[in-house]
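J.: Sending over a structure as structure tokens; questions will come in a sec.
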Amino acid sequence: MKKPGFFIVTLLASCLYLSVHGQEAGLKAYSNFDFVAGNKILFFDDFSAARIGDFPVMWNTNGSGEVVTTNNFAGKWFRMNPNSMTFLDGGLKSVENFTIEFDAFVTKSEDNLETFQISLFSQDPEIGGLFPSDLFPGKDGIVMNFATVFGNNADETDSHHSYRAYNNKTEKILEGKHNKKAFLLQLGKVYRFSFWVQKTRLRLYINEEKIYDIQRAIADKSKIEQIRFWTPEYSETALFMSNFRYADASEDTRNKFLTDGKLISYGIYFDSGKDIVKPQSYGAIKEMAGILSENPDVSVRIAGHTDSDGDDAMNLDLSKRRAANVKKALVSEFGIAENRITTEGKGEAEPIAPNTNAENKAKNRRVEFIKI
């Protein structure tokens, strides 16, 4: 009898601080969440290396901001002050298919609907370069406005998130909105923003909810080169952001599993120091379950990896428990036979990058899928 193939699955244990409507939710709460993070990290910043009170060195602004800690949420947060436009200092390395993720919360807003704005755009050297202040920045892109429930607006029927996709060369504008009041942002609650761009298509998720799926959001052959956060001058909003990850999502993951025999996945999330699989991992685990369902002769070994922070023995034990819980999710949520899956933990023993900065540590908190 032919020996079954095996995958060594090393699943990325990305330690993100995240609140889902103020409480932990099960995986099934994200059953419609099909987001899968890109597998090649191009930029990561959790502000762990920044000094409290300083503006983070890899960012730029025409206003002000600082790195802070809070009483309610773990880790360090980049506070973008009111009346500020904030950019990545080096811009985004342009790729056709990418994902952007970050955690964010808002602390104060006036009685207006557009609390803050996020733009993705292609730069125009003649109009602001990488740091434009125009309402519709660069050559082309998409501007998204996000609303909170605040004051009298909680009862208004026209409260909504909205967007405008534009091309300044052709004066083309496409606009729309998401008007489900239940998904307006609550002040002081952390939300996970997940953007997924595939050439012209943009999908945006806030926690488990798909807010947009726009087929022609990005202009043909456009190169997205920057992200801008804007807290407008008419607003008293303070926007807090952390765990920013930008990744290349060009890889054909299913083909890589079966031909190259190795895949690093960054879509499995855990809180720092904990082993419970967060519900935001649903899309990545579902993708792996699909591979296993389509290839019934394939068995899998799940191996967890950590960065070098903390005690070696504790990291080893943590990685083992995380791997075991990923197996549990595949078995209980997706019906994969238990005898097809083995697990192991590697701890910090096999880094793929030096543990010298936040970006490299994010690469080392991982799970790999290797066919043997």
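How things are named: the first chain in the structure tokens is A, the next is B, and so on; residues count from 1 in each chain; ligands count from 1 in the order shown.
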Which polymer residues have any atom within 10 Å of an atom of Val197 of chain A, counting only C-alpha atoms, with same-chain residues fewer than 6 positions away left out, as a list of chain:residue names?

T.: A:Val95, A:Glu96, A:Asn97, A:Phe98, A:Thr99, A:Ile100, A:Arg203, A:Leu204, A:Asp213, A:Ile214, A:Gln215, A:Ala217, A:Ile218, A:Ile224, A:Asp248, A:Ala249, A:Ser250

J.: What does the file look like for those residues with N, CA and C atoms, as an mmCIF file, in the first residue's frame?

T.:
```
data_model
loop_
_atom_site.group_PDB
_atom_site.id
_atom_site.type_symbol
_atom_site.label_atom_id
_atom_site.label_comp_id
_atom_site.auth_asym_id
_atom_site.auth_seq_id
_atom_site.Cartn_x
_atom_site.Cartn_y
_atom_site.Cartn_z
ATOM 1 N N VAL A 95 2.835 45.541 -4.208
ATOM 2 C CA VAL A 95 2.578 44.213 -4.771
ATOM 3 C C VAL A 95 1.120 44.176 -5.207
ATOM 4 N N GLU A 96 0.790 43.326 -6.183
ATOM 5 C CA GLU A 96 -0.580 43.284 -6.711
ATOM 6 C C GLU A 96 -1.579 42.757 -5.698
ATOM 7 N N ASN A 97 -1.192 41.715 -4.978
ATOM 8 C CA ASN A 97 -2.079 41.063 -4.025
ATOM 9 C C ASN A 97 -1.482 41.189 -2.628
ATOM 10 N N PHE A 98 -2.230 41.762 -1.696
ATOM 11 C CA PHE A 98 -1.682 41.967 -0.365
ATOM 12 C C PHE A 98 -2.780 41.997 0.678
ATOM 13 N N THR A 99 -2.364 41.854 1.935
ATOM 14 C CA THR A 99 -3.271 42.023 3.067
ATOM 15 C C THR A 99 -2.675 43.051 4.033
ATOM 16 N N ILE A 100 -3.551 43.815 4.657
ATOM 17 C CA ILE A 100 -3.175 44.738 5.729
ATOM 18 C C ILE A 100 -4.090 44.460 6.910
ATOM 19 N N ARG A 203 -11.438 43.700 -0.401
ATOM 20 C CA ARG A 203 -12.348 43.252 0.646
ATOM 21 C C ARG A 203 -11.880 43.826 1.977
ATOM 22 N N LEU A 204 -12.819 44.324 2.759
ATOM 23 C CA LEU A 204 -12.520 44.857 4.080
ATOM 24 C C LEU A 204 -13.406 44.178 5.109
ATOM 25 N N ASP A 213 -16.853 44.350 -0.352
ATOM 26 C CA ASP A 213 -16.243 43.458 -1.343
ATOM 27 C C ASP A 213 -16.438 44.156 -2.687
ATOM 28 N N ILE A 214 -15.437 44.937 -3.090
ATOM 29 C CA ILE A 214 -15.548 45.834 -4.239
ATOM 30 C C ILE A 214 -14.659 45.310 -5.363
ATOM 31 N N GLN A 215 -15.272 44.905 -6.464
ATOM 32 C CA GLN A 215 -14.518 44.267 -7.543
ATOM 33 C C GLN A 215 -13.582 45.232 -8.270
ATOM 34 N N ALA A 217 -12.297 48.338 -7.038
ATOM 35 C CA ALA A 217 -11.902 49.393 -6.099
ATOM 36 C C ALA A 217 -10.563 50.010 -6.462
ATOM 37 N N ILE A 218 -9.658 49.216 -7.029
ATOM 38 C CA ILE A 218 -8.317 49.662 -7.374
ATOM 39 C C ILE A 218 -8.220 49.775 -8.896
ATOM 40 N N ILE A 224 -0.437 50.317 -5.382
ATOM 41 C CA ILE A 224 -0.723 50.905 -4.075
ATOM 42 C C ILE A 224 0.599 51.052 -3.315
ATOM 43 N N ASP A 248 2.508 40.240 1.612
ATOM 44 C CA ASP A 248 2.296 39.820 0.228
ATOM 45 C C ASP A 248 1.380 38.602 0.240
ATOM 46 N N ALA A 249 0.275 38.664 -0.515
ATOM 47 C CA ALA A 249 -0.692 37.565 -0.575
ATOM 48 C C ALA A 249 -0.757 36.956 -1.966
ATOM 49 N N SER A 250 0.358 36.999 -2.694
ATOM 50 C CA SER A 250 0.368 36.517 -4.078
ATOM 51 C C SER A 250 0.472 35.001 -4.181
#
```

J.: Using only C-alpha atoms, find each residue of segment 223-307 of chain A with at least one atom at most 12 Å away from an atom of segment 55-69 of chain A; report its shortest atom-to-atom pair and that distance in Å (one decimal), sort the rows by chain and rising residue number, and return the result as JSON lines.

T.:
```
{"residue": "A:Gln226", "atom": "CA", "partner": "A:Trp59", "partner_atom": "CA", "distance": 11.2}
{"residue": "A:Ile227", "atom": "CA", "partner": "A:Trp59", "partner_atom": "CA", "distance": 10.6}
{"residue": "A:Arg228", "atom": "CA", "partner": "A:Thr61", "partner_atom": "CA", "distance": 9.3}
{"residue": "A:Phe229", "atom": "CA", "partner": "A:Thr61", "partner_atom": "CA", "distance": 9.3}
{"residue": "A:Trp230", "atom": "CA", "partner": "A:Thr61", "partner_atom": "CA", "distance": 9.6}
{"residue": "A:Thr231", "atom": "CA", "partner": "A:Gly63", "partner_atom": "CA", "distance": 9.7}
{"residue": "A:Pro232", "atom": "CA", "partner": "A:Gly63", "partner_atom": "CA", "distance": 10.5}
{"residue": "A:Glu233", "atom": "CA", "partner": "A:Gly63", "partner_atom": "CA", "distance": 10.3}
{"residue": "A:Ala238", "atom": "CA", "partner": "A:Gly65", "partner_atom": "CA", "distance": 9.2}
{"residue": "A:Leu239", "atom": "CA", "partner": "A:Gly65", "partner_atom": "CA", "distance": 9.5}
{"residue": "A:Phe240", "atom": "CA", "partner": "A:Val68", "partner_atom": "CA", "distance": 9.0}
{"residue": "A:Met241", "atom": "CA", "partner": "A:Val67", "partner_atom": "CA", "distance": 9.5}
{"residue": "A:Ser242", "atom": "CA", "partner": "A:Val67", "partner_atom": "CA", "distance": 9.6}
{"residue": "A:Phe244", "atom": "CA", "partner": "A:Trp59", "partner_atom": "CA", "distance": 11.5}
```

J.: Measuring atom to atom with only C-alpha atoms, identify which of A:Lys172, A:Lys278, A:Arg254, A:Lys363 is nearest to Ala329 of chain A.

T.: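 Of A:Lys172, A:Lys278, A:Arg254, A:Lys363, the one nearest Ala329 of chain A, counting only C-alpha atoms, is A:Lys278.
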
J.: For Ile352 of chain A, find every residue with an atom within 10 Å (counting only C-alpha atoms), except residues of its own chain fewer than 6 positions away, and show them as a PDB file with N, CA, C and O atoms, in the first residue's frame.

T.:
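The result, stored in result-v7.pdb:
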```pdb
ATOM      1  N   ASP A 307       8.629  33.409  19.092  1.00  0.00           N
ATOM      2  CA  ASP A 307       9.850  34.217  19.046  1.00  0.00           C
ATOM      3  C   ASP A 307      10.664  33.932  20.309  1.00  0.00           C
ATOM      4  O   ASP A 307      10.351  33.009  21.067  1.00  0.00           O
ATOM      5  N   ASN A 360      10.844  40.926  12.596  1.00  0.00           N
ATOM      6  CA  ASN A 360      11.425  39.587  12.576  1.00  0.00           C
ATOM      7  C   ASN A 360      10.768  38.664  13.602  1.00  0.00           C
ATOM      8  O   ASN A 360      10.551  37.473  13.340  1.00  0.00           O
ATOM      9  N   LYS A 361      10.431  39.201  14.757  1.00  0.00           N
ATOM     10  CA  LYS A 361       9.743  38.387  15.757  1.00  0.00           C
ATOM     11  C   LYS A 361       8.376  37.929  15.235  1.00  0.00           C
ATOM     12  O   LYS A 361       7.946  36.804  15.504  1.00  0.00           O
ATOM     13  N   LYS A 363       7.707  37.278  12.184  1.00  0.00           N
ATOM     14  CA  LYS A 363       7.973  36.188  11.237  1.00  0.00           C
ATOM     15  C   LYS A 363       8.237  34.873  11.965  1.00  0.00           C
ATOM     16  O   LYS A 363       7.915  33.795  11.450  1.00  0.00           O
ATOM     17  N   ASN A 364       8.820  34.955  13.141  1.00  0.00           N
ATOM     18  CA  ASN A 364       9.152  33.738  13.884  1.00  0.00           C
ATOM     19  C   ASN A 364       7.965  33.143  14.628  1.00  0.00           C
ATOM     20  O   ASN A 364       7.952  31.943  14.915  1.00  0.00           O
ATOM     21  N   ARG A 365       6.952  33.951  14.947  1.00  0.00           N
ATOM     22  CA  ARG A 365       5.731  33.433  15.578  1.00  0.00           C
ATOM     23  C   ARG A 365       4.888  32.827  14.467  1.00  0.00           C
ATOM     24  O   ARG A 365       4.110  33.513  13.811  1.00  0.00           O
ATOM     25  N   ARG A 366       5.061  31.548  14.249  1.00  0.00           N
ATOM     26  CA  ARG A 366       4.544  31.005  13.001  1.00  0.00           C
ATOM     27  C   ARG A 366       4.117  29.548  13.136  1.00  0.00           C
ATOM     28  O   ARG A 366       4.366  28.893  14.132  1.00  0.00           O
TER      29      ARG A 366
END
```

J.: If I take atom CA of Asn243 of chain A and atom CA of Ser122 of chain A, how far is one from the other in Å, to one decimal?

T.: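 Separation of atom CA of Asn243 of chain A and atom CA of Ser122 of chain A: 23.3 Å.
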
J.: From the list A:Gly273, A:Gly138, A:Gly176, A:Gly38, which residue is nearest Asp311 of chain A when using only C-alpha atoms?

T.: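 Closest residue, counting only C-alpha atoms: A:Gly273.
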
J.: Give me the residues near Leu263 of chain A as number ranges by chain, where near means some atom within 7 Å (using only C-alpha atoms) and where sequence neighbours in that chain fewer than 4 positions away do not count.

T.: A: 256-257, 368-370

J.: For segment 284-291 of chain A, work out the shell of residues within 8 Å, counting only C-alpha atoms and skipping chain neighbours fewer than 4 positions away, then give it as a list in words.

T.: Asp34, Phe35, Val36, Ala37, Arg254, Ser265, Gly267, Ile268, Asn295, Val326, Ala329, Leu330, Phe334 and Ile336 of chain A

J.: Filtering to C-alpha atoms, could you give me those residues as a compact mmCIF listing (two decimals), in the first residue's frame?

T.:
```txt
# COMPACT_ATOMS: atom_id res chain seq x y z
CA ASP A 34 -13.02 34.02 4.67
CA PHE A 35 -10.04 36.36 5.15
CA VAL A 36 -6.62 34.68 4.89
CA ALA A 37 -3.54 36.75 5.74
CA ARG A 254 -3.09 25.25 -2.25
CA SER A 265 0.76 30.65 7.38
CA GLY A 267 -3.51 33.59 9.78
CA ILE A 268 -3.65 31.70 13.09
CA ASN A 295 -6.65 15.10 -0.24
CA VAL A 326 -5.08 24.07 16.14
CA ALA A 329 -10.10 23.18 15.76
CA LEU A 330 -9.52 21.13 12.60
CA PHE A 334 -14.20 20.96 10.27
CA ILE A 336 -10.89 16.25 9.92
```

J.: Per residue of segment 239-331 of chain A within 10 Å of segment 340-347 of chain A, note the shortest atom pair and the distance in Å to one decimal, counting only C-alpha atoms, and order the rows by chain and increasing residue number, as JSON lines.

T.:
```
{"residue": "A:Leu292", "atom": "CA", "partner": "A:Arg340", "partner_atom": "CA", "distance": 9.1}
{"residue": "A:Pro296", "atom": "CA", "partner": "A:Arg340", "partner_atom": "CA", "distance": 8.9}
{"residue": "A:Asp297", "atom": "CA", "partner": "A:Arg340", "partner_atom": "CA", "distance": 8.7}
{"residue": "A:Val298", "atom": "CA", "partner": "A:Arg340", "partner_atom": "CA", "distance": 7.4}
{"residue": "A:Ser299", "atom": "CA", "partner": "A:Arg340", "partner_atom": "CA", "distance": 4.5}
{"residue": "A:Val300", "atom": "CA", "partner": "A:Ile341", "partner_atom": "CA", "distance": 4.7}
{"residue": "A:Arg301", "atom": "CA", "partner": "A:Thr342", "partner_atom": "CA", "distance": 4.5}
{"residue": "A:Ile302", "atom": "CA", "partner": "A:Thr343", "partner_atom": "CA", "distance": 4.5}
{"residue": "A:Ala303", "atom": "CA", "partner": "A:Glu344", "partner_atom": "CA", "distance": 4.7}
{"residue": "A:Gly304", "atom": "CA", "partner": "A:Gly345", "partner_atom": "CA", "distance": 4.8}
{"residue": "A:His305", "atom": "CA", "partner": "A:Gly347", "partner_atom": "CA", "distance": 4.9}
{"residue": "A:Thr306", "atom": "CA", "partner": "A:Gly347", "partner_atom": "CA", "distance": 5.1}
{"residue": "A:Asp307", "atom": "CA", "partner": "A:Gly347", "partner_atom": "CA", "distance": 7.5}
{"residue": "A:Ser308", "atom": "CA", "partner": "A:Gly347", "partner_atom": "CA", "distance": 8.2}
{"residue": "A:Asp311", "atom": "CA", "partner": "A:Gly347", "partner_atom": "CA", "distance": 9.8}
{"residue": "A:Asp312", "atom": "CA", "partner": "A:Gly347", "partner_atom": "CA", "distance": 7.1}
{"residue": "A:Ala313", "atom": "CA", "partner": "A:Gly347", "partner_atom": "CA", "distance": 7.9}
{"residue": "A:Met314", "atom": "CA", "partner": "A:Gly347", "partner_atom": "CA", "distance": 8.1}
{"residue": "A:Asn315", "atom": "CA", "partner": "A:Gly347", "partner_atom": "CA", "distance": 4.9}
{"residue": "A:Leu316", "atom": "CA", "partner": "A:Gly347", "partner_atom": "CA", "distance": 3.8}
{"residue": "A:Asp317", "atom": "CA", "partner": "A:Gly345", "partner_atom": "CA", "distance": 7.1}
{"residue": "A:Leu318", "atom": "CA", "partner": "A:Gly347", "partner_atom": "CA", "distance": 7.2}
{"residue": "A:Ser319", "atom": "CA", "partner": "A:Gly345", "partner_atom": "CA", "distance": 4.6}
{"residue": "A:Lys320", "atom": "CA", "partner": "A:Gly345", "partner_atom": "CA", "distance": 3.9}
{"residue": "A:Arg321", "atom": "CA", "partner": "A:Gly345", "partner_atom": "CA", "distance": 7.6}
{"residue": "A:Arg322", "atom": "CA", "partner": "A:Gly345", "partner_atom": "CA", "distance": 8.0}
{"residue": "A:Ala323", "atom": "CA", "partner": "A:Thr343", "partner_atom": "CA", "distance": 5.8}
{"residue": "A:Ala324", "atom": "CA", "partner": "A:Thr343", "partner_atom": "CA", "distance": 6.0}
{"residue": "A:Asn325", "atom": "CA", "partner": "A:Thr343", "partner_atom": "CA", "distance": 9.4}
{"residue": "A:Val326", "atom": "CA", "partner": "A:Thr343", "partner_atom": "CA", "distance": 8.9}
{"residue": "A:Lys327", "atom": "CA", "partner": "A:Ile341", "partner_atom": "CA", "distance": 6.7}
{"residue": "A:Lys328", "atom": "CA", "partner": "A:Ile341", "partner_atom": "CA", "distance": 9.5}
{"residue": "A:Leu330", "atom": "CA", "partner": "A:Ile341", "partner_atom": "CA", "distance": 8.9}
{"residue": "A:Val331", "atom": "CA", "partner": "A:Ile341", "partner_atom": "CA", "distance": 8.8}
```

J.: Could you tell me which of A:Asp103, A:Glu251, A:Glu350, A:Glu209 comes closest to Ala29 of chain A if we count only C-alpha atoms?

T.: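 Checking each candidate against Ala29 of chain A, we get A:Glu209 as the closest.
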
J.: As a count of residues only, please: every residue in segment 247-281 of chain A that DSSP puts in strand (DSSP E or B).

T.: 11

J.: Counting only C-alpha atoms, figure out which residue out of A:Leu27, A:Ala49, A:Leu258, A:Ala353 gets nearest to Val277 of chain A.

T.: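 Comparing A:Leu27, A:Ala49, A:Leu258, A:Ala353 against Val277 of chain A, the winner is A:Leu27.
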
J.: Which is closest to Glu236 of chain A among A:Lys199, A:Met80, A:Asn355, A:Pro125, if we use only C-alpha atoms?

T.: A:Met80

J.: I'd like the interatomic distance between atom CA of Phe73 of chain A and atom CA of Val190 of chain A, to a tenth of an Å.

T.: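 It comes out at 8.3 Å.
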